[in-house]
There are 2 protein chains.
Amino acid sequence: MPLIVQKYGGTSVGSLDLIRRVAARVKAAQASGTNVVVVVSAMGDSTDRLVDLARGLCAEPDAREMDVLLSTGEQVSMALLCIALRNQGCEARSYTGSQVRIVTTGVHSRARIEKVETERLRADIARGVVPVVAGFQGMDESGDITTIGRGGSDTTAVALAVALEADECQILTDVDGVYTTDPRMVPAARRLDRITFDEMLELAGQGSRVLHLRSVEFASKYNVPLRVAASFGAGPGTLICREEPRVEAPVVSGIAFNRDEAEITVAGVPDAPGTAFRLLKPVSDASIEVDMIVLNAARAGNVDLSFTVHRDDYGPALRLVKEAAAHFAGAQVNGNDRVAKLSVVGVGMRSHAGVATRLFETLAAESINVRLVSTSEIKISVLVDEQALERGVRCLHAAFGLERPS
Amino acid sequence: MPLIVQKYGGTSVGSLDLIRRVAARVKAAQASGTNVVVVVSAMGDSTDRLVDLARGLCAEPDAREMDVLLSTGEQVSMALLCIALRNQGCEARSYTGSQVRIVTTGVHSRARIEKVETERLRADIARGVVPVVAGFQGMDESGDITTIGRGGSDTTAVALAVALEADECQILTDVDGVYTTDPRMVPAARRLDRITFDEMLELAGQGSRVLHLRSVEFASKYNVPLRVAASFGAGPGTLICREEPRVEAPVVSGIAFNRDEAEITVAGVPDAPGTAFRLLKPVSDASIEVDMIVLNAARAGNVDLSFTVHRDDYGPALRLVKEAAAHFAGAQVNGNDRVAKLSVVGVGMRSHAGVATRLFETLAAESINVRLVSTSEIKISVLVDEQALERGVRCLHAAFGLERPS
């Protein structure tokens, strides 16, 4: 009998009524001849409420105790879902991360899963019982409760699917799949029936909020087919899997974008080993995440370094870079926190020349200035003025033929 | 260094502000040169809120899942208390019942503690860390979460005190000790400095709501001194311990009472083996708790049986007894749900004759009619009309010399 892992996010279990509907869906899947293992997140905003409680006591609550506190959120929703399932006549048993023995590193609030024991889950599955597992949490070797970071329930689901050798891992959520771009911005955006892990990784990394990056990496590494679909709907969603030979692989699968970028440029620093390191180290020491990095040795002996950070980090990052640049005579630091990034993603780029050309041509025709460019094997990202973002997404979506057939 | 277990109930940790005050008290105890282990209940009404959630899904939620759900309440308060303690510079670590390995029977919602492992707690104590343990919960042999019944946090505290061979188990609550009777009814009621386990057991069983009956039994069995005191106050409270030879042991320690009684009387049933059993079995099969039972074979060949139940159970109990009595020709069933019980408790009764005499004399002088009497070695309980309860408590409190010296 096939085995699937179904993960339901916080909005899907946000009320008793929704929990009943999730139970009905789980029961229907089980009744259709599929074994189901369920992973749940905490109800709606309950995690935020717990965080607020702790912050009410202390600005920086102890990380070990925060994990003890936050892990109760999933424990509540897993128990309620089992109560609803049993009330609908479907045998179910809930398990915390500790009870399953999802063993993680001991780094509280961002532990990594090291091992998943499956004994109890397999025993339940063999008896036709639906195991309902708390997402987002595990235990370290000493038995302390850990959490694996926000959005970690997706990762829990994939880890269980890997350990149980499930046929598919379904991430059931409030959108009905992965789109060519955000449908709120481009009404003609199209749901993708399938997409490769690599493309999904680029999309997830480029601002598409459908899936947690780590869960996609994990699924890709162990080749577990991932499906993103609506919790309450019959649609097939989007299947994320390994690349398969296709007659007509689309060149570009989607356009991702990120509004909240800020750009910092350092011009006129010496072209010597360690320059970029000395400029960027204070920024990363301050735990500020750097996204695009472009280094250009345009003039002999000098380089220009540009990079982007999240807009919230712009002030501190600019200050740190100015301090670091003060060690280089003649260095000029400039910044702009009104920029946005857009990315064209597709495995077809590998074998098709001309994607970059068409991208620049399209943006130029719209008079959109490109401030920075960075590329990977299956992605081209450009930084533009934030006012140009929406026009940019729309014209690229059209130029690469991503619209829904009308 | 002495070791004490301090248990704080739900009202004592009912808000962030109160949690801060509890932390300050724990820290002060630790700083005074005492090792402290803390047991906490769920915050205020959080257990009721969780019960309401489950009942919103199902009238009779699965018992295993209810324990998973309810155990989150203590997990939240233990984490918050540790965050507050650490914020005040006091090292603390929280533990669920499963993490301590408080091993219980597998009877969900009313499990009994079988074993308490102390390895992690002793390691913390040795390092000067305050362990904060969730009350009310444990795990069964298979690793499932169990709960030990409402008010079970007192029992958790005593079980930890026994296992750790603590010098004292302190139940810190919203009253400042055990009184000769309810001070709301008798303003002259006096706080007792000390009381024996046996007396406390009778008081707890007779409506005094200060301590959970099981915790007193447990403490008595293993001879752990129990102290009831106010969470937020400096008073010494009441020490509950084994009887010690005292020069002037008081005859009576306190007057307990219970308002919500109902009485059922069956008259004229045959005086034969099994009669009481056949009348009471349907009642206990329906999980209705029977309190006083008085059987009187006043007339040859016939007995009269009277017993009391909680007023909420009066309707079903009366119906069940009427059905059972229908098998006995001539049996008459009567009931009264407007009765109350008052009890005079004291170890001194054992050696002092005349307590019953003075009790009846005192009530008679107040024209209070006694409907039922039942006695134990250190207690006499009488059932009276509910309108007479308050007068009865006051006159007995005075008659046995329990008032505070004025």
# chains A, B, ... in the order shown; residues from 1 in each chain; ligands from 1
>>> interface_residues(of="chain B", to="chain A", cutoff="10 Å", atoms="only C-alpha atoms", output="PDB file with C-alpha atoms, in the first residue's frame")
ATOM      1  CA  SER B  15       0.201  35.909  35.078  1.00  0.00           C
ATOM      2  CA  LEU B  16       3.669  37.046  33.987  1.00  0.00           C
ATOM      3  CA  ASP B  17       3.788  39.333  36.993  1.00  0.00           C
ATOM      4  CA  ILE B  19       5.601  34.276  37.645  1.00  0.00           C
ATOM      5  CA  ARG B  20       8.211  36.980  38.285  1.00  0.00           C
ATOM      6  CA  LEU B  50      -7.652  23.363  26.699  1.00  0.00           C
ATOM      7  CA  LEU B  53     -11.012  23.259  22.893  1.00  0.00           C
ATOM      8  CA  ALA B  54     -11.208  19.466  22.992  1.00  0.00           C
ATOM      9  CA  ARG B  55     -14.894  19.486  23.955  1.00  0.00           C
ATOM     10  CA  GLY B  56     -15.487  21.747  20.965  1.00  0.00           C
ATOM     11  CA  LEU B  57     -14.462  18.800  18.778  1.00  0.00           C
ATOM     12  CA  CYS B  58     -16.018  15.930  20.659  1.00  0.00           C
ATOM     13  CA  ALA B  59     -18.164  15.372  23.753  1.00  0.00           C
ATOM     14  CA  GLU B  60     -15.912  12.603  25.037  1.00  0.00           C
ATOM     15  CA  PRO B  61     -12.411  13.214  23.694  1.00  0.00           C
ATOM     16  CA  ASP B  62      -9.986  10.311  23.614  1.00  0.00           C
ATOM     17  CA  ALA B  63      -8.281   9.998  27.007  1.00  0.00           C
ATOM     18  CA  ARG B  64      -4.760   9.445  25.598  1.00  0.00           C
ATOM     19  CA  GLU B  65      -4.996  12.601  23.481  1.00  0.00           C
ATOM     20  CA  MET B  66      -6.515  14.630  26.322  1.00  0.00           C
ATOM     21  CA  ASP B  67      -3.403  13.881  28.371  1.00  0.00           C
ATOM     22  CA  VAL B  68      -1.183  14.986  25.463  1.00  0.00           C
ATOM     23  CA  LEU B  69      -3.249  18.175  25.233  1.00  0.00           C
ATOM     24  CA  LEU B  70      -3.512  19.036  28.939  1.00  0.00           C
ATOM     25  CA  SER B  71       0.143  18.330  29.697  1.00  0.00           C
ATOM     26  CA  THR B  72       1.076  21.347  27.561  1.00  0.00           C
ATOM     27  CA  GLY B  73      -0.336  23.624  30.269  1.00  0.00           C
ATOM     28  CA  GLU B  74       2.378  22.806  32.810  1.00  0.00           C
ATOM     29  CA  GLN B  75       4.998  22.770  30.056  1.00  0.00           C
ATOM     30  CA  VAL B  76       4.197  26.419  29.288  1.00  0.00           C
ATOM     31  CA  SER B  77       4.388  27.522  32.919  1.00  0.00           C
ATOM     32  CA  MET B  78       7.611  25.631  33.673  1.00  0.00           C
ATOM     33  CA  ALA B  79       9.351  27.193  30.673  1.00  0.00           C
ATOM     34  CA  LEU B  80       8.147  30.692  31.585  1.00  0.00           C
ATOM     35  CA  LEU B  81       9.233  30.255  35.202  1.00  0.00           C
ATOM     36  CA  CYS B  82      12.719  29.176  34.064  1.00  0.00           C
ATOM     37  CA  ILE B  83      12.934  32.161  31.735  1.00  0.00           C
ATOM     38  CA  ALA B  84      12.000  34.428  34.663  1.00  0.00           C
ATOM     39  CA  LEU B  85      14.486  32.708  37.014  1.00  0.00           C
ATOM     40  CA  ARG B  86      17.339  33.005  34.515  1.00  0.00           C
ATOM     41  CA  ASN B  87      16.420  36.624  33.913  1.00  0.00           C
ATOM     42  CA  GLN B  88      16.856  37.164  37.662  1.00  0.00           C
ATOM     43  CA  ALA B  92      17.172  26.884  36.241  1.00  0.00           C
ATOM     44  CA  ARG B  93      16.147  24.076  33.906  1.00  0.00           C
ATOM     45  CA  SER B  94      12.658  22.837  33.161  1.00  0.00           C
ATOM     46  CA  TYR B  95      11.580  19.206  32.831  1.00  0.00           C
ATOM     47  CA  THR B  96       8.368  17.602  31.670  1.00  0.00           C
ATOM     48  CA  SER B  98       8.537  12.421  30.640  1.00  0.00           C
ATOM     49  CA  GLN B  99      11.931  14.108  30.829  1.00  0.00           C
ATOM     50  CA  VAL B 100      12.266  13.471  34.561  1.00  0.00           C
ATOM     51  CA  ARG B 120      18.947  14.563  36.049  1.00  0.00           C
ATOM     52  CA  SER B 142       5.510   2.789  26.566  1.00  0.00           C
ATOM     53  CA  GLY B 143       6.466   6.488  26.626  1.00  0.00           C
ATOM     54  CA  ASP B 144       2.923   7.843  26.329  1.00  0.00           C
ATOM     55  CA  ILE B 145       2.128  11.039  28.214  1.00  0.00           C
TER      56      ILE B 145
END
>>> residues_around(residues="Ser343 of chain B", least_positions_apart="5", cutoff="9 Å", atoms="only C-alpha atoms", output="list in words")
Glu202, Leu203, Gln206, Gly254, Ile255, Ala256, Phe257, Asn258, Lys379, Ile380, Ser381, Val382, Leu383 and Val393 of chain B
>>> residues_around(residues="Arg214 of chain B", least_positions_apart="3", cutoff="7 Å", atoms="only C-alpha atoms", output="list in words")
Thr155, Glu217 and Phe218 of chain B
>>> select_by_dssp(residues="segment 101-329 of chain A", states="strand (DSSP E or B)", output="short mmCIF file (atom, residue, chain, number, x, y, z; two decimals) with C-alpha atoms, in the first residue's frame")
data_model
loop_
_atom_site.label_atom_id
_atom_site.label_comp_id
_atom_site.auth_asym_id
_atom_site.auth_seq_id
_atom_site.Cartn_x
_atom_site.Cartn_y
_atom_site.Cartn_z
CA ILE A 102 13.44 12.84 16.04
CA VAL A 103 17.01 13.31 17.20
CA THR A 104 18.58 16.68 16.43
CA ILE A 113 17.63 16.74 12.32
CA GLU A 114 20.20 13.95 12.57
CA LYS A 115 18.11 10.81 12.92
CA VAL A 116 14.45 9.80 12.86
CA VAL A 130 -2.69 7.25 11.48
CA PRO A 131 0.31 8.66 13.36
CA VAL A 132 0.08 12.42 13.86
CA VAL A 133 3.48 13.94 14.52
CA ALA A 134 4.35 17.39 15.85
CA GLN A 137 10.48 19.92 17.04
CA GLY A 138 12.82 17.18 18.12
CA MET A 139 15.08 16.22 20.99
CA ILE A 145 13.45 19.48 23.58
CA THR A 146 14.73 21.30 20.49
CA THR A 147 13.09 23.21 17.65
CA GLU A 168 5.31 11.20 -1.58
CA CYS A 169 5.49 14.08 0.86
CA GLN A 170 2.56 16.47 0.56
CA ILE A 171 2.81 20.01 1.86
CA LEU A 172 -0.82 21.09 2.22
CA THR A 173 -1.24 24.80 2.60
CA TYR A 179 3.04 29.49 -9.70
CA ARG A 191 0.14 27.00 -11.64
CA ARG A 194 5.62 19.99 -12.01
CA ILE A 195 8.93 21.64 -11.32
CA THR A 196 12.40 20.31 -10.51
CA LEU A 226 7.26 16.73 -2.80
CA ARG A 227 3.79 17.95 -3.65
CA VAL A 228 2.48 21.40 -2.77
CA ALA A 229 -1.31 21.56 -2.83
CA ALA A 230 -4.25 23.30 -1.16
CA THR A 238 2.54 21.12 -8.02
CA LEU A 239 4.81 18.10 -7.94
CA ILE A 240 8.46 18.86 -7.17
CA CYS A 241 10.74 16.07 -8.24
CA GLY A 254 9.00 31.09 -13.14
CA ILE A 255 9.77 34.64 -12.12
CA ALA A 256 10.58 35.20 -8.46
CA PHE A 257 11.01 38.55 -6.77
CA ASN A 258 11.95 40.11 -3.51
CA ARG A 259 10.83 43.58 -2.57
CA ASP A 260 12.80 44.23 0.59
CA GLU A 261 16.32 44.56 -0.72
CA ALA A 262 18.98 47.15 0.00
CA GLU A 263 22.18 47.63 -1.94
CA ILE A 264 25.59 48.72 -0.64
CA THR A 265 28.44 49.58 -2.99
CA VAL A 266 32.09 50.11 -2.14
CA ALA A 267 34.09 51.66 -4.95
CA GLY A 268 37.81 52.16 -5.28
CA VAL A 269 39.27 49.59 -2.92
CA PRO A 270 42.54 47.81 -3.76
CA VAL A 290 24.21 38.96 2.60
CA ASP A 291 22.36 37.95 -0.56
CA MET A 292 23.80 39.03 -3.96
CA ILE A 293 27.52 39.76 -4.07
CA VAL A 294 29.06 41.27 -7.17
CA LEU A 295 32.73 42.10 -7.41
CA ASN A 296 34.07 43.85 -10.44
CA ALA A 297 37.74 44.67 -11.10
CA ALA A 298 36.95 47.16 -13.83
CA ARG A 299 39.90 49.42 -13.39
CA ASN A 302 40.96 48.74 -8.01
CA VAL A 303 37.76 46.80 -7.46
CA ASP A 304 34.15 47.77 -6.92
CA LEU A 305 32.20 45.56 -4.53
CA SER A 306 28.40 45.58 -4.37
CA PHE A 307 26.14 43.44 -2.29
CA THR A 308 22.58 43.32 -1.05
CA VAL A 309 21.06 42.79 2.37
CA HIS A 310 17.52 42.73 3.70
#
>>> closest_residue(among="A:Ala353, A:Val40, A:Met200, A:Ala325", to="Arg278 of chain A", atoms="only C-alpha atoms")
A:Ala325
>>> residues_around(residues="segment 398-402 of chain B", least_positions_apart="4", cutoff="8 Å", atoms="only C-alpha atoms", output="number ranges by chain")
B: 180, 189-190, 251-254, 358, 362, 394
>>> write_last_selection(atoms="N, CA and C atoms", output="PDB file, in the first residue's frame")
ATOM      1  N   THR B 180      -8.574  26.205  61.514  1.00  0.00           N
ATOM      2  CA  THR B 180      -9.474  25.393  62.340  1.00  0.00           C
ATOM      3  C   THR B 180     -10.817  25.190  61.643  1.00  0.00           C
ATOM      4  N   ALA B 189     -11.644  31.971  63.112  1.00  0.00           N
ATOM      5  CA  ALA B 189     -10.882  30.754  62.809  1.00  0.00           C
ATOM      6  C   ALA B 189      -9.392  31.050  62.912  1.00  0.00           C
ATOM      7  N   ARG B 190      -8.637  30.042  63.338  1.00  0.00           N
ATOM      8  CA  ARG B 190      -7.239  30.235  63.664  1.00  0.00           C
ATOM      9  C   ARG B 190      -6.394  29.363  62.740  1.00  0.00           C
ATOM     10  N   VAL B 251      -7.741  18.504  71.742  1.00  0.00           N
ATOM     11  CA  VAL B 251      -8.658  17.392  71.490  1.00  0.00           C
ATOM     12  C   VAL B 251      -9.140  17.434  70.044  1.00  0.00           C
ATOM     13  N   VAL B 252      -9.525  18.638  69.629  1.00  0.00           N
ATOM     14  CA  VAL B 252     -10.070  18.823  68.276  1.00  0.00           C
ATOM     15  C   VAL B 252      -9.209  19.854  67.550  1.00  0.00           C
ATOM     16  N   SER B 253      -8.828  19.552  66.301  1.00  0.00           N
ATOM     17  CA  SER B 253      -7.984  20.483  65.541  1.00  0.00           C
ATOM     18  C   SER B 253      -8.778  21.385  64.616  1.00  0.00           C
ATOM     19  N   GLY B 254      -9.895  20.879  64.123  1.00  0.00           N
ATOM     20  CA  GLY B 254     -10.625  21.718  63.188  1.00  0.00           C
ATOM     21  C   GLY B 254     -12.007  21.199  62.891  1.00  0.00           C
ATOM     22  N   ARG B 358     -20.202  16.163  73.572  1.00  0.00           N
ATOM     23  CA  ARG B 358     -20.211  17.624  73.496  1.00  0.00           C
ATOM     24  C   ARG B 358     -20.775  18.111  72.159  1.00  0.00           C
ATOM     25  N   THR B 362     -23.964  20.465  71.935  1.00  0.00           N
ATOM     26  CA  THR B 362     -23.831  21.799  71.345  1.00  0.00           C
ATOM     27  C   THR B 362     -24.860  22.012  70.238  1.00  0.00           C
ATOM     28  N   ARG B 394     -20.148  27.396  63.436  1.00  0.00           N
ATOM     29  CA  ARG B 394     -19.769  28.437  64.402  1.00  0.00           C
ATOM     30  C   ARG B 394     -19.859  27.951  65.839  1.00  0.00           C
TER      31      ARG B 394
END
>>> closest_residue(among="B:Val186, B:Ile148, B:Val178, B:Cys90", to="Arg110 of chain B", atoms="only C-alpha atoms")
B:Ile148
>>> select_by_dssp(residues="segment 110-257 of chain B", states="alpha helix (DSSP H)", output="VMD selection string")
chain B and resid 119 to 126 152 to 163 197 to 205 213 to 222
>>> residues_around(residues="Val13 of chain A", least_positions_apart="5", cutoff="7 Å", atoms="only C-alpha atoms", output="JSON list (two decimals) with N, CA and C atoms, in the first residue's frame")
[["chain", "number", "residue", "atom", "x", "y", "z"],
["A", 18, "LEU", "N", -11.52, 24.10, 11.09],
["A", 18, "LEU", "CA", -10.51, 23.69, 10.11],
["A", 18, "LEU", "C", -9.90, 22.34, 10.50],
["A", 19, "ILE", "N", -9.70, 22.13, 11.80],
["A", 19, "ILE", "CA", -9.13, 20.85, 12.26],
["A", 19, "ILE", "C", -10.07, 19.70, 11.86],
["A", 43, "MET", "N", -1.36, 25.79, 15.89],
["A", 43, "MET", "CA", -2.56, 26.47, 15.40],
["A", 43, "MET", "C", -2.29, 27.95, 15.15],
["A", 44, "GLY", "N", -2.64, 28.41, 13.95],
["A", 44, "GLY", "CA", -2.64, 29.83, 13.62],
["A", 44, "GLY", "C", -1.51, 30.62, 14.25]]
